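Taking it in order: structure first as structure tokens, then the write-up.
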Amino acid sequence: MMDARARHAHALFAGIAAEYEWMGAVLSFGQDARWRRAMVEVLAPRPGQLVLDVASGTGLVARRIGARGARVIQFDPSEAMLRAGQRAARAAGLTSALHPVLGRAERLPFGDATFDAVSFTYLLRYVDDPGATMKELTRVLRPGGRLACLEFHEPRAPVLRAGWFGYTRYVMPRVGALASPEWRATGVFLGPSITRFYADHPLAEQARWWQEAGLRHVHSRVMSLGAGVVWWGQLDG
């Protein structure tokens with residue numbers, strides 16, 4: 001049974017799945033793709049590896065990993081999002097490399113030490129216990145394997161933060177409304193969601209989640225003047 005946070009996320013993504021890829025590019029001024037590239041670079045998947053891509057959505061990250069020769073389990077709770085990415089996977093010739101699976105990150109249906117690498121994108125704001133979810137994601141990672149993620153971030157510099165605040169609170173909902181009512185609702189939700197997440201869980205606390213999950217050599221890279229952050233770490237071999 002889904003909790004309230006999970007139900008909200010499920011309804012949110014079901015309503016925006018069809019336009020997710022191009023609207024994400026528009027609303028982020030193209031930075032979303034740059035962040036995803038950076039995350040895949042630090043994940044460093046290799047041909048023949050088995051990779052779990054959690055909160056895979058339409059497969060924007062999974063396709064990049066698959067293009068490097070890895071086999072990818074696309075794991076997401078939204079059937080609408082997984083289906084929306086199938087045409088792009090076919091066009092890229094990656095259908096044999098990508099394997100969509102429905103489920104929630106808090107309860108992964110995989111055995112311990114199954115995957116050579118694990119990635120996740122825009123996930124921890126949607127779970128009730130981020131620290132426990134990090135431990136679950138690490139549980140399925142093989143010793144020596146790497147875990148990487150991408151999340152939105154709030155700029156720290158006052159001038160940049162003021163601009164970010166105005167964009168996320170006022171501009172983004174209006175741009176979203178041009179696409180659909182569902183995208184307007186997404187625009188209304190996103191900025192406050194990011195602000196609440198960092199008020200409750202600053203970067204230092206997030207680093208502890210990784211370390212307490214057993215990951216070492218944990219790094220974070222804030223990008224695009226503070227609007228996004230890429231994390232990565234490695235499980236001891």
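In the structure tokens, the first chain shown is A, the next is B, and so on; residue numbers restart at 1 for each chain, and ligands run from 1 in the order shown.
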
Using DSSP on the backbone coordinates, identify all residues within stretch 57-97 of chain A classified as strand (DSSP E or B); present the result as a PDB file with N, CA and C atoms, in the first residue's frame.
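File out-v8.pdb, as written:
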```pdb
ATOM      1  N   ARG A  71      24.028  -3.572 -19.383  1.00  0.00           N
ATOM      2  CA  ARG A  71      22.624  -3.984 -19.302  1.00  0.00           C
ATOM      3  C   ARG A  71      21.989  -3.219 -18.152  1.00  0.00           C
ATOM      4  N   VAL A  72      20.786  -2.685 -18.369  1.00  0.00           N
ATOM      5  CA  VAL A  72      20.189  -1.779 -17.398  1.00  0.00           C
ATOM      6  C   VAL A  72      18.799  -2.262 -16.997  1.00  0.00           C
ATOM      7  N   ILE A  73      18.573  -2.370 -15.694  1.00  0.00           N
ATOM      8  CA  ILE A  73      17.229  -2.549 -15.153  1.00  0.00           C
ATOM      9  C   ILE A  73      16.667  -1.160 -14.898  1.00  0.00           C
ATOM     10  N   GLN A  74      15.631  -0.797 -15.655  1.00  0.00           N
ATOM     11  CA  GLN A  74      14.947   0.487 -15.484  1.00  0.00           C
ATOM     12  C   GLN A  74      13.871   0.308 -14.426  1.00  0.00           C
ATOM     13  N   PHE A  75      14.097   0.832 -13.247  1.00  0.00           N
ATOM     14  CA  PHE A  75      13.214   0.585 -12.104  1.00  0.00           C
ATOM     15  C   PHE A  75      12.472   1.864 -11.743  1.00  0.00           C
ATOM     16  N   ASP A  76      11.149   1.807 -11.738  1.00  0.00           N
ATOM     17  CA  ASP A  76      10.353   3.008 -11.475  1.00  0.00           C
ATOM     18  C   ASP A  76       8.957   2.582 -11.006  1.00  0.00           C
TER      19      ASP A  76
END
```

Select from stretch 127-186 of chain A every residue with an atom at most 12 Å from any atom of stretch 17-26 of chain A, then for each give the shortest pair of atoms and their distance in Å to one decimal, using only C-alpha atoms, rows by chain and rising number, as JSON lines.
```
{"residue": "A:Met172", "atom": "CA", "partner": "A:Val26", "partner_atom": "CA", "distance": 10.0}
{"residue": "A:Val175", "atom": "CA", "partner": "A:Val26", "partner_atom": "CA", "distance": 9.1}
{"residue": "A:Gly176", "atom": "CA", "partner": "A:Met23", "partner_atom": "CA", "distance": 8.1}
{"residue": "A:Ala177", "atom": "CA", "partner": "A:Met23", "partner_atom": "CA", "distance": 11.3}
{"residue": "A:Leu178", "atom": "CA", "partner": "A:Met23", "partner_atom": "CA", "distance": 10.5}
{"residue": "A:Ala179", "atom": "CA", "partner": "A:Met23", "partner_atom": "CA", "distance": 8.3}
{"residue": "A:Ser180", "atom": "CA", "partner": "A:Glu19", "partner_atom": "CA", "distance": 9.5}
{"residue": "A:Glu182", "atom": "CA", "partner": "A:Ala17", "partner_atom": "CA", "distance": 10.0}
{"residue": "A:Trp183", "atom": "CA", "partner": "A:Met23", "partner_atom": "CA", "distance": 8.6}
{"residue": "A:Arg184", "atom": "CA", "partner": "A:Met23", "partner_atom": "CA", "distance": 11.3}
{"residue": "A:Thr186", "atom": "CA", "partner": "A:Tyr20", "partner_atom": "CA", "distance": 10.8}
```

Using only C-alpha atoms, which residues sit within 12 Å of A:Phe197 once same-chain residues fewer than 5 positions away are excluded, as a CSV table (one decimal) with C-alpha atoms, in the first residue's frame?
```
chain,number,residue,atom,x,y,z
A,122,TYR,CA,15.3,13.0,-8.3
A,123,LEU,CA,14.3,10.3,-5.8
A,124,LEU,CA,14.9,11.1,-2.1
A,125,ARG,CA,12.4,14.0,-2.0
A,126,TYR,CA,9.7,11.4,-2.6
A,127,VAL,CA,10.5,8.9,0.2
A,128,ASP,CA,9.7,9.1,3.8
A,129,ASP,CA,13.0,7.8,5.1
A,130,PRO,CA,15.9,8.8,2.8
A,151,GLU,CA,19.1,15.9,-7.4
A,152,PHE,CA,17.9,19.5,-7.7
A,153,HIS,CA,19.7,22.0,-5.4
A,154,GLU,CA,19.1,25.5,-4.1
A,190,LEU,CA,8.7,21.6,-7.5
A,191,GLY,CA,10.3,24.7,-5.9
A,192,PRO,CA,8.7,24.4,-2.5
A,202,PRO,CA,21.3,19.8,4.4
A,203,LEU,CA,24.1,18.5,2.3
A,205,GLU,CA,23.3,15.2,6.5
A,206,GLN,CA,22.9,13.7,3.1
```

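The list of residues with at least one atom within 8 Å of A:Ala185, based on only C-alpha atoms and without residues fewer than 4 positions apart in the same chain, reads Pro173, Gly176, Pro181 and Phe189 of chain A.
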
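With distances taken over only C-alpha atoms, A:Ile65 is the one residue among A:Ala80, A:Val159, A:Ala117, A:Ile65 lying closest to A:Ala97.
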